[in-house]
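Presented below is the structure to which this report refers.
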There are 2 protein chains.
Amino acid sequence: MILMKKIIDAAAGRIKPDKVLKGGNVVNVFSGKIIKADVAIAGDKIVGIGDYDGLENIDVSGKYIIPGLIDTHLHIESTMLTPAEFCKVVVPYGTTTIIADPHEIANVLGFEGVKYMIEQTKGLPINAHFMLPSCVPATFFENAGAIIDSKQIKQYISDPDIFGLGEFMNFVGVYLGDEECLAKIEAATQAGKITDGHAPELSGKDLNAYAAAGIKTEHECTTVDDMLRKIDSGFYVQLRQGSATRNVETLVKGVTPQNMRRCIFCTDDRHIDSLLYEGHLNYNLKVAVEHGLDPVSAVTIATLNAAECYGLKGYGAVAPRYIADIVVMSDLKDFVADMVFFKGELVARGGKPLFEVKVKPDERVLNTVKVGDVKPSDFEIYSNSDKVHAIDLIPANVVTKKAVVQVKRNPDNSIDIKGTDLLKLAVIERHKNTGNIGKCLIKNYGLKNGAIAQTIAHDSHNIIVLGDNNEDMALAVNSLKELGGGLIVVSRGKVLGSLKLEVAGLMTARPIEEVNQEFQKMVEIAHSLNVSKEVEPFMTLSFLALPVIPSLKLTDKGLFDVDKFEFVTLEA
Amino acid sequence: MILMKKIIDAAAGRIKPDKVLKGGNVVNVFSGKIIKADVAIAGDKIVGIGDYDGLENIDVSGKYIIPGLIDTHLHIESTMLTPAEFCKVVVPYGTTTIIADPHEIANVLGFEGVKYMIEQTKGLPINAHFMLPSCVPATFFENAGAIIDSKQIKQYISDPDIFGLGEFMNFVGVYLGDEECLAKIEAATQAGKITDGHAPELSGKDLNAYAAAGIKTEHECTTVDDMLRKIDSGFYVQLRQGSATRNVETLVKGVTPQNMRRCIFCTDDRHIDSLLYEGHLNYNLKVAVEHGLDPVSAVTIATLNAAECYGLKGYGAVAPRYIADIVVMSDLKDFVADMVFFKGELVARGGKPLFEVKVKPDERVLNTVKVGDVKPSDFEIYSNSDKVHAIDLIPANVVTKKAVVQVKRNPDNSIDIKGTDLLKLAVIERHKNTGNIGKCLIKNYGLKNGAIAQTIAHDSHNIIVLGDNNEDMALAVNSLKELGGGLIVVSRGKVLGSLKLEVAGLMTARPIEEVNQEFQKMVEIAHSLNVSKEVEPFMTLSFLALPVIPSLKLTDKGLFDVDKFEFVTLEA
């Protein structure tokens with residue numbers, strides 16, 4: 001009661017508020033107006049907008065005061081940064097709330113991985129909400145590190161640290177009425193929690209069925225038509241600005257005064273370089289305004305709408321009684337955050353965090369590369385035919401084509417790729433040391449005299465390795481194991497470079513600048529080995545094992561035809 | 001799980017939905033569009049919008065399909081109908097959800113009265129949510145039948161049948177930081193429940209303080225300025241169309257595409273005749289559209305906005321997974337409901353209910369007129385001065401003026417009103433038989449040779465009686481007691497008419513047509529006794545005991561100067 005009394009007294013002007021932001025332009029997301037006024041803060045709450053004098057007065061004249069930004073859907077793992085390091089980067093951009101889906105680490109470590117993410121963000125100046133990944137493994141055509149089935153969903157979904165059920169990628173299972181899928185969603189609904197969607201281009205009765213299952217959001221829209229269809233069907237639609245999936249510029253064209261309230265923003269997957277150079281959710285706002293959205297709508301989408309969609313009571317507005325998560329923006333064009341307040345405390349200024357993060361070492365997430373040593377001969381590929389299926393890479397695209405290529409065979413039926421533009425690709429199960437290796441050929445990547453291997457391979461995150469000779473491929477895998485996970489480039493029997501990702505083979509607990517520098521060096525090394533200039537070496541590799549994106553992909557279980565949704569033989 | 005499977009299968013078109021509304025114009029509150037399509041229903045849910053064929057197909061071509069209407073704030077007692085009879089009236093108008101504040105019965109019977117209201121609506125085809133009245137008694141300048149203090153609020157607020165804390169009329173107590181007021185609101189907040197507001201014309205820092213207390217809605221706006229101020233401060237603003245308080249026509253002028261989402265509708269107090277002749281919440285929509293609001297916004301305000309404000313998940317839209325509370329409207333101009341569906345069942349058609357209500361007799365709410373017999377001499381008014389304070393009635397207004405009048409006194413100092421235009425007014429405590437009687441003089445009502453008494457007297461609902469002679473006043477009160485509560489008119493020693501309100505002295509369990517007929521007859525009788533044509537006899541009387549409305553009012557404790565907020569002597 002004392003705090004409430006203090007709030008009321010400060011609001012009414014009987015006592016001085018703790019802090020007053022003086023003379024800024026306050027964006028009012030309820031009325032769409034920008035109002036020149038002071039913002040009074042007591043404790044962790046905004047108590048009044050008007051004319052106030054505080055114990056501390058902070059001059060923000062000429063600046064814009066907006067609510068803290070809410071990223072409604074993201075995978076922290078995509079940045080290669082641990083949650084704490086990630087937080088140090090995004091809070092200074094103005095992101096004060098995230099709704100993270102730890103889908104990647106869950107595929108490596110199951111619910112223990114989810115718990116790690118939750119624990120690592122406790123005490124940080126960000127509202128970090130975690131969804132329970134709904135589709136682990138992403139498909140049954142691969143071996144991941146864990147299975148989270150409907151029983152486990154039922155068991156974990158009521159955990160107060162679990163915010164909801166993560167993007168339901170198996171949308172086909174949902175609209176076909178698969179009992180296991182429905183049981184998962186029903187468990188979330190029963191627990192009063194939201195389920196995020198993922199249903200690219202779904203329409204008609206299948207979309208009705210997906211909505212009828214109780215799924216509330218959708219972040220896979222890439223066209224205005226798809227977006228409008230989904231808004232009509234009752235979904236909140238996330239305007240996504242990832243590193244690869246830059247949908248905001250297209251989708252803002254579909255925002256109207258009538259449907260604006262059903263639009264929210266997300267980043268989904270931002271990679272380390274775009275996170276460093278472009279920003280985080282503030283970049284969504286910048287791009288949206290650049291492409292014609294009015295700035296106040298952009299702010300409303302990033303704040304109030306997100307809070308309403310996810311039931312974040314007391315968040316998303318600069319108004320009395322709201323939590324004092326506030327960003328002072330220099331303008332409403334570039335959206336460069338000048339100051340960031342979290343629960344009333346100044347936590348970032350001029351793009352720099354004003355807080356330290358504590359590293360909490362956690363044995364659970366280390367040493368996750370569980371494979372035996374491999375030999376060069378493990379990478380021999382045998383065929384009964386001269387005509388084989390091969391993955392045909394499309395540069396700057398996660399979609400691949402199916403190729404049939406003519407190969408030269410040795411007397412023992414092993415394929416000889418010397419002198420061709422073909423490379424060998426292998427996926428090695430790395431969670432349970434099963435010894436599973438899937439192998440195939442790939443064209444259009446462009447490497448010479450070497451191998452590249454990594455432990456980031458969506459979504460099961462097995463080891464994926466690619467090379468033009470067995471020896472370097474074996475060396476790359478064995479060295480990657482020794483490294484404990486990450487990215488590695490090998491040439492002619494020597495390791496040319498590596499980026500250690502000690503946490504689940506996906507993330508590292510080092511600062512963004514350091515990791516980015518190493519990563520850029522790795523990209524250079526790869527390109528020095530003749531990797532096509534149009535190919536981003538590591539990102540490209542990471543999607544070659546994802547058997548839900550067309551057309552031909554490789555898992556530890558073998559070559560998978562995504563269009564036919566079945567395994568295919570090497571022989572064409 | 002079986003139901004969910006059925007929903008998905010019906011949505012996807014693999015099985016026939018239970019019902020399909022064929023060929024109507026569906027109002028989409030998410031996008032603001034009107035879409036010609038079928039609406040498929042399975043069980044209690046909407047499963048798809050599109051092209052469907054059901055087990056039952058209902059032709060609605062040419063009609064408009066909108067979500068069930070949500071009245072966000074009302075006092076059922078104001079209709080004089082019991083909840084079940086009320087429901088029979090409003091459901092056919094298209095109201096499928098009400099958020100009722102049983103403030104009147106709570107002032108008579110405390111929490112038992114609230115429970116009665118809750119119990120009486122169970123099983124009816126309406127979503128009836130009940131707020132816990134926050135200000136019982138409304139003031140401490142009167143004796144009500146109960147006190148609900150912060151301890152009781154704490155005790156009751158978590159009850160699953162209690163939806164939130166009712167309109168916080170003591171707004172002064174809130175912004176002044178009164179501990180008892182704050183404790184009540186804090187209890188609601190702790191329980192995760194909403195608190196409704198009531199703060200006419202409040203502004204500036206006091207309004208900030210009222211908002212900072214955590215109050216979320218406001219239905220007392222009568223001007224656009226007040227409305228916009230409150231939206232800016234984070235309130236949802238109710239556009240109210242009561243019988244006396246007709247604010248919609250004014251307030252729609254303040255609705256913008258930006259702030260529309262923060263607007264909701266309510267009726268607050270609708271009386272029996274306007275309920276019967278004009279309608280219920282559908283009348284808000286009609287008036288709003290008449291005064292320039294676009295019809296789809298009107299529908300959105302009445303449905304989605306209300307559901308969002310009050311956290312009514314799954315309500316407020318015609319979309320997959322939403323509860324099938326649907327109104328088929330003949331047009332979006334007069335808003336005459338053609339069919340009303342509640343949880344997928346057709347419950348009203350052509351303005352008539354298709355359901356019966358069960359009367360559940362409840363001894364708790366009967367025999368609530370607890371007074372001893374009164375004698376004519378009890379109405380003698382004594383004064384030590386010839387100049388006395390008197391209530392000066394303003395016709396068609398609940399506000400009164402303070403008058404000072406010259407009176408003739410008998411030798412014993414009793415006032416003689418014969419031959420004047422003055423009447424005697426008395427308020428008799430009727431809940432605990434304390435014998436308290438407050439008495440004063442009143443002008444401008446216009447009765448001759450009789451008395452009018454009733455048990456409706458806001459907010460404490462003591463007996464209020466008015467007359468030009470002591471004998472008829474005593475007869476009126478004694479007869480009213482015998483009646484068990486209601487309205488009564490007496491003249492020259494005879495009861496000319498009565499309307500029995502057996503439930504708490506406020507409501508009756510008879511059909512609206514019958515009650516209205518009796519009521520209109522009572523009004524005629526009153527006017528036949530020379531009550532001024534400009535005065536609605538009973539409504540006027542009912543507000544003369546409300547010591548929060550300016551300027552001079554009478555309670556069982558005496559004459560109250562509302563402007564000075566203190567009791568005054570009879571002598572001027």
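Starting from 1 in every chain, residues are counted up; chains themselves are A, B, ... following the order of the structure tokens, and ligands are numbered from 1 as listed.
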Those in range 489-565 of chain B with strand (DSSP E) from DSSP, as an MDAnalysis selection string: chainID B and resid 489:491 494:500 552:555 558:561
Expected answer as an MDAnalysis selection string: chain B residues within 7 Å of chain A, only C-alpha atoms: chainID B and resid 5 7:9 11:13 28 30:32 47:48 175 177 205:206 208:209 211:214 231:234 257:259 262 319:321
Please produce a file of the residues just selected, as a short mmCIF file (atom, residue, chain, number, x, y, z; two decimals), in the first residue's frame, where the atoms kept are N, CA, C and O atoms.
data_model
loop_
_atom_site.label_atom_id
_atom_site.label_comp_id
_atom_site.auth_asym_id
_atom_site.auth_seq_id
_atom_site.Cartn_x
_atom_site.Cartn_y
_atom_site.Cartn_z
N LYS B 5 -11.03 -31.64 -32.32
CA LYS B 5 -10.93 -32.36 -33.60
C LYS B 5 -12.13 -32.01 -34.49
O LYS B 5 -11.98 -31.76 -35.69
N ILE B 7 -13.97 -29.35 -34.37
CA ILE B 7 -13.84 -27.95 -34.81
C ILE B 7 -12.92 -27.85 -36.02
O ILE B 7 -13.23 -27.20 -37.03
N ILE B 8 -11.77 -28.50 -35.91
CA ILE B 8 -10.78 -28.44 -37.00
C ILE B 8 -11.33 -29.11 -38.26
O ILE B 8 -11.20 -28.57 -39.36
N ASP B 9 -11.95 -30.25 -38.07
CA ASP B 9 -12.47 -30.97 -39.23
C ASP B 9 -13.59 -30.18 -39.91
O ASP B 9 -13.67 -30.14 -41.15
N ALA B 11 -13.91 -26.88 -39.77
CA ALA B 11 -13.28 -25.70 -40.37
C ALA B 11 -12.63 -26.04 -41.71
O ALA B 11 -12.76 -25.31 -42.69
N ALA B 12 -11.97 -27.20 -41.72
CA ALA B 12 -11.24 -27.61 -42.92
C ALA B 12 -12.17 -28.17 -43.99
O ALA B 12 -11.73 -28.44 -45.11
N GLY B 13 -13.43 -28.37 -43.63
CA GLY B 13 -14.39 -28.86 -44.60
C GLY B 13 -14.44 -30.37 -44.72
O GLY B 13 -15.04 -30.90 -45.65
N ASN B 28 -16.27 -7.66 -40.50
CA ASN B 28 -14.98 -8.09 -39.96
C ASN B 28 -14.39 -6.95 -39.12
O ASN B 28 -13.94 -5.94 -39.66
N PHE B 30 -11.73 -6.84 -37.45
CA PHE B 30 -10.27 -6.75 -37.48
C PHE B 30 -9.78 -5.86 -38.63
O PHE B 30 -8.81 -5.14 -38.50
N SER B 31 -10.48 -5.97 -39.74
CA SER B 31 -10.02 -5.24 -40.93
C SER B 31 -10.96 -4.11 -41.31
O SER B 31 -10.64 -3.32 -42.19
N GLY B 32 -12.12 -4.05 -40.67
CA GLY B 32 -13.09 -3.02 -41.01
C GLY B 32 -13.85 -3.30 -42.30
O GLY B 32 -14.56 -2.44 -42.80
N VAL B 47 -16.26 -21.61 -36.74
CA VAL B 47 -15.10 -22.37 -37.20
C VAL B 47 -14.56 -21.88 -38.54
O VAL B 47 -13.40 -22.12 -38.87
N GLY B 48 -15.40 -21.21 -39.31
CA GLY B 48 -14.88 -20.76 -40.59
C GLY B 48 -15.76 -19.71 -41.24
O GLY B 48 -16.98 -19.68 -41.03
N TYR B 175 -8.17 10.12 -5.65
CA TYR B 175 -7.06 11.02 -6.00
C TYR B 175 -6.47 11.69 -4.78
O TYR B 175 -5.32 12.13 -4.80
N GLY B 177 -5.90 9.95 -2.23
CA GLY B 177 -5.08 8.88 -1.65
C GLY B 177 -5.65 8.28 -0.38
O GLY B 177 -4.92 7.74 0.45
N LYS B 205 -3.81 16.74 -12.87
CA LYS B 205 -3.10 15.81 -12.01
C LYS B 205 -4.03 14.90 -11.22
O LYS B 205 -3.67 13.77 -10.89
N ASP B 206 -5.22 15.41 -10.91
CA ASP B 206 -6.18 14.56 -10.20
C ASP B 206 -6.58 13.38 -11.09
O ASP B 206 -6.72 12.25 -10.62
N ASN B 208 -4.67 12.18 -13.50
CA ASN B 208 -3.49 11.31 -13.52
C ASN B 208 -3.49 10.38 -12.30
O ASN B 208 -3.22 9.18 -12.42
N ALA B 209 -3.82 10.95 -11.15
CA ALA B 209 -3.81 10.15 -9.92
C ALA B 209 -4.87 9.05 -9.98
O ALA B 209 -4.64 7.92 -9.56
N ALA B 211 -6.05 7.67 -12.68
CA ALA B 211 -5.55 6.65 -13.61
C ALA B 211 -4.43 5.84 -12.98
O ALA B 211 -4.35 4.62 -13.13
N ALA B 212 -3.56 6.54 -12.26
CA ALA B 212 -2.40 5.87 -11.65
C ALA B 212 -2.83 4.85 -10.60
O ALA B 212 -2.10 3.91 -10.29
N ALA B 213 -4.03 5.04 -10.07
CA ALA B 213 -4.55 4.06 -9.11
C ALA B 213 -4.87 2.74 -9.78
O ALA B 213 -5.05 1.73 -9.11
N GLY B 214 -4.96 2.76 -11.10
CA GLY B 214 -5.20 1.51 -11.82
C GLY B 214 -6.62 1.37 -12.32
O GLY B 214 -7.06 0.27 -12.66
N ILE B 231 -9.15 9.47 -22.73
CA ILE B 231 -8.48 8.52 -23.63
C ILE B 231 -6.97 8.75 -23.58
O ILE B 231 -6.19 7.80 -23.48
N ASP B 232 -6.56 10.00 -23.64
CA ASP B 232 -5.13 10.31 -23.53
C ASP B 232 -4.52 9.73 -22.24
O ASP B 232 -3.37 9.33 -22.23
N SER B 233 -5.30 9.73 -21.20
CA SER B 233 -4.79 9.25 -19.91
C SER B 233 -4.83 7.74 -19.78
O SER B 233 -4.49 7.20 -18.72
N GLY B 234 -5.28 7.06 -20.82
CA GLY B 234 -5.22 5.60 -20.80
C GLY B 234 -6.53 4.91 -20.47
O GLY B 234 -6.58 3.69 -20.39
N PRO B 257 -10.21 7.60 -36.12
CA PRO B 257 -9.66 6.28 -36.45
C PRO B 257 -8.56 5.87 -35.46
O PRO B 257 -8.37 4.69 -35.20
N GLN B 258 -7.85 6.87 -34.92
CA GLN B 258 -6.75 6.55 -34.01
C GLN B 258 -7.24 6.15 -32.62
O GLN B 258 -6.67 5.26 -32.01
N ASN B 259 -8.27 6.83 -32.11
CA ASN B 259 -8.68 6.53 -30.73
C ASN B 259 -9.88 5.59 -30.65
O ASN B 259 -10.29 5.22 -29.55
N ARG B 262 -10.17 2.66 -28.28
CA ARG B 262 -10.30 2.91 -26.83
C ARG B 262 -11.72 3.31 -26.45
O ARG B 262 -11.96 3.73 -25.31
N ALA B 319 -15.11 -14.75 -36.35
CA ALA B 319 -13.88 -15.29 -36.93
C ALA B 319 -13.67 -16.69 -36.35
O ALA B 319 -14.24 -17.01 -35.30
N PRO B 320 -12.86 -17.50 -37.03
CA PRO B 320 -12.64 -18.85 -36.53
C PRO B 320 -12.17 -18.84 -35.08
O PRO B 320 -11.35 -17.99 -34.70
N ARG B 321 -12.69 -19.79 -34.30
CA ARG B 321 -12.33 -20.01 -32.91
C ARG B 321 -13.08 -19.08 -31.95
O ARG B 321 -13.04 -19.28 -30.74
#
Exercise: Thr540 in chain B partners within 8 Å, only C-alpha atoms, chain neighbours under 5 positions left out, as a ChimeraX atom specification: /B:396-398,535
Selection near Leu422 in chain B, 7 Å with only C-alpha atoms, sequence-local residues under 3 positions removed, as a PyMOL selection string: chain B and resi 417+441-443
Residue contacts of Lys387 in chain B (7 Å, only C-alpha atoms) excluding same-chain residues fewer than 6 positions away, as a PyMOL selection string: chain B and resi 404-407+571-572
Dump of C-alpha atoms for the selected residues, as an mmCIF file, in the first residue's frame:
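The resulting out.cif:
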data_model
loop_
_atom_site.group_PDB
_atom_site.id
_atom_site.type_symbol
_atom_site.label_atom_id
_atom_site.label_comp_id
_atom_site.auth_asym_id
_atom_site.auth_seq_id
_atom_site.Cartn_x
_atom_site.Cartn_y
_atom_site.Cartn_z
ATOM 1 C CA VAL B 404 -34.468 29.586 0.988
ATOM 2 C CA VAL B 405 -38.207 29.909 1.517
ATOM 3 C CA GLN B 406 -40.402 31.860 3.874
ATOM 4 C CA VAL B 407 -42.782 29.598 5.837
ATOM 5 C CA GLU B 571 -33.303 26.798 9.349
ATOM 6 C CA ALA B 572 -31.655 29.089 6.837
#
Residue list (alpha helix (DSSP H), DSSP) for range 248-375 of chain B, as a PyMOL selection string: chain B and resi 248-251+272-277+281-290+295-302+304-309
